[in-house]
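This report concerns only the one structure given below.
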Amino acid sequence: MSPTMTKTVMVLNGPNLNMLGIREPEIYGKQTLDDVGILVAARAKTHDLTADFRQSNHEGELVTWIQQGLGTVDGFVINAGALTHTSVALLDAFKSVNLPMIEVHLSNVYQREDFRHKSYLSLIANGVICGFGINSYLLAVDAMAKILSPEI
Ligand code: DQA
C-alpha cells in the first residue's frame, strides 16, 4: 500500500476577524480567533488534514495567499468577513487557482442587513456554511475532508 500524503487546507480569515472575542460578542461570540485556530487544527487532524490558519485585514494579502496556495494546498476554507460582499479580487483569485473552496460565516448573514446577503465568493464556492458560530468552521473542515476524499 502506498503511503498517504497528508492534505492541507488553507483556512483564511479576512478583515476584523482578529477582533473576535472583543467585536460585537452578541453576534460573533466570546471566543477569540486563536481559539478558532486551535479547534480547526484539532478537527483537521481527525481527518488527517493539516490546517494552515491565517488572518489578514488586507485584501491584497489574502489574494497573494490564495495565489500561493496553487501547488501547495488542496483546498480553502474562507471567512472573508466584509470582503465577502465586495471583493471581485478574491473571487478572481479563487477562479485563478481553481481549487475547492468553502465559504463560512459565524453569523447567519441572511438574517442580517441586505448588504450581507450578497456574496461574490458564493458564485464559485463548493458550499456555504453560516450561522453556527465557531462550529461553522468545523463543519467546513468536515465538508472539505469529504470533498478531498470522496470515497471515505
Ligand atoms: C462575517 C459576516 C460578515 O458580514 C461580516 O462583515 C464579518 C463576519 C461572519 O463571520 O458572520 O466580518 O463574515
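Simple scheme: letters A, B, ... for chains in C-alpha cells order, numbers from 1 for residues in each chain, numbers from 1 for ligands in the order shown.
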
TODO: For A:Thr46, please output as a list in words all residues within 10 Å (counting only C-alpha atoms; exclusion window: fewer than 3 positions along the same chain).
DONE: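 Here the answer would be Ala41, Ala42, Arg43, Leu49, Thr50, Val141, Asp142 and Ala145 of chain A.
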
Quick one: which chain A residues come within 8 Å of ligand 1, and what is the nearest atom pair for each with the distance in Å to one decimal, counting only C-alpha atoms and all ligand atoms, rows ordered by chain and ascending number, as a Markdown table?
```
| residue | atom | partner | partner_atom_place_in_ligand_line | distance |
| --- | --- | --- | --- | --- |
| A:Gly14 | CA | ligand 1 | 12 (O) | 7.2 |
| A:Pro15 | CA | ligand 1 | 12 (O) | 6.4 |
| A:Asn16 | CA | ligand 1 | 12 (O) | 6.0 |
| A:Leu17 | CA | ligand 1 | 12 (O) | 6.2 |
| A:Ile27 | CA | ligand 1 | 11 (O) | 7.7 |
| A:Tyr28 | CA | ligand 1 | 11 (O) | 6.7 |
| A:Asn79 | CA | ligand 1 | 13 (O) | 5.4 |
| A:Ala80 | CA | ligand 1 | 13 (O) | 5.8 |
| A:Gly81 | CA | ligand 1 | 12 (O) | 3.3 |
| A:Ala82 | CA | ligand 1 | 6 (O) | 3.3 |
| A:Leu83 | CA | ligand 1 | 6 (O) | 7.0 |
| A:Thr84 | CA | ligand 1 | 13 (O) | 7.0 |
| A:His85 | CA | ligand 1 | 4 (O) | 7.2 |
| A:Val104 | CA | ligand 1 | 10 (O) | 6.7 |
| A:His105 | CA | ligand 1 | 10 (O) | 3.4 |
| A:Leu106 | CA | ligand 1 | 10 (O) | 3.7 |
| A:Ser107 | CA | ligand 1 | 11 (O) | 3.6 |
| A:Asn108 | CA | ligand 1 | 11 (O) | 6.4 |
| A:Val109 | CA | ligand 1 | 2 (C) | 5.9 |
| A:Arg116 | CA | ligand 1 | 4 (O) | 5.0 |
| A:Cys130 | CA | ligand 1 | 11 (O) | 7.0 |
| A:Gly131 | CA | ligand 1 | 11 (O) | 7.1 |
| A:Gly133 | CA | ligand 1 | 10 (O) | 7.6 |
```

Task: Interatomic distance, atom CA of A:Ile124 to atom CA of A:Leu90 (Å, one decimal) - done: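 Atom-to-atom, atom CA of A:Ile124 to atom CA of A:Leu90, that is 10.9 Å.
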
Task: stretch 127-129 of chain A environment, 8 Å, only C-alpha atoms, sequence neighbours closer than 4 positions dropped, as a PyMOL selection string - done: chain A and resi 101-105+122+136-137+139-140

Task: Long-range neighbours of stretch 29-33 of chain A as number ranges by chain, 7 Å cut-off, only C-alpha atoms, 5 positions minimum in chain - done: A: 17-18, 20-21

Open item on the list: Going by DSSP on the backbone, which residues of stretch 76-106 of chain A come out as alpha helix (DSSP H)? List them as a list in words.
Closed with: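 Selection result, alpha helix (DSSP H) within stretch 76-106 of chain A: Val88, Ala89, Leu90, Leu91, Asp92, Ala93, Phe94, Lys95, Ser96 and Val97 of chain A.
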
Next, write the just-selected residues to a file, as a short mmCIF file (atom, residue, chain, number, x, y, z; two decimals), in the first residue's frame, keeping C-alpha atoms as the atom set.
```cif
data_model
loop_
_atom_site.label_atom_id
_atom_site.label_comp_id
_atom_site.auth_asym_id
_atom_site.auth_seq_id
_atom_site.Cartn_x
_atom_site.Cartn_y
_atom_site.Cartn_z
CA VAL A 88 -14.23 40.71 -7.05
CA ALA A 89 -10.45 40.38 -6.46
CA LEU A 90 -10.93 37.48 -4.04
CA LEU A 91 -13.41 35.86 -6.44
CA ASP A 92 -10.91 36.16 -9.30
CA ALA A 93 -8.08 34.78 -7.15
CA PHE A 94 -10.14 31.68 -6.35
CA LYS A 95 -11.07 31.34 -10.03
CA SER A 96 -7.35 31.51 -10.89
CA VAL A 97 -6.28 28.67 -8.61
#
```

- [ ] Find, counting only C-alpha atoms, the residue in A:Gln55, A:Asn98, A:Ser119, A:Thr64 that gets nearest to A:Gly37.
- [x]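 Distance minimum relative to A:Gly37 lands on A:Gln55.
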
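Among the candidates A:Asn57, A:Thr6, A:Gln111, A:Gln67, the one nearest to A:Met19 when counting only C-alpha atoms is A:Asn57.
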
Task: Near-A:Phe53 list (9 Å; only C-alpha atoms; drop same-chain fewer than 6 positions) as a PyMOL selection string - done: chain A and resi 9-13+37+40-41

TODO: To one decimal in Å, tell me the separation between atom CA of A:Pro25 and atom CA of A:Leu39.
DONE: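 Taking atom CA of A:Pro25 and atom CA of A:Leu39, their separation equals 18.5 Å.
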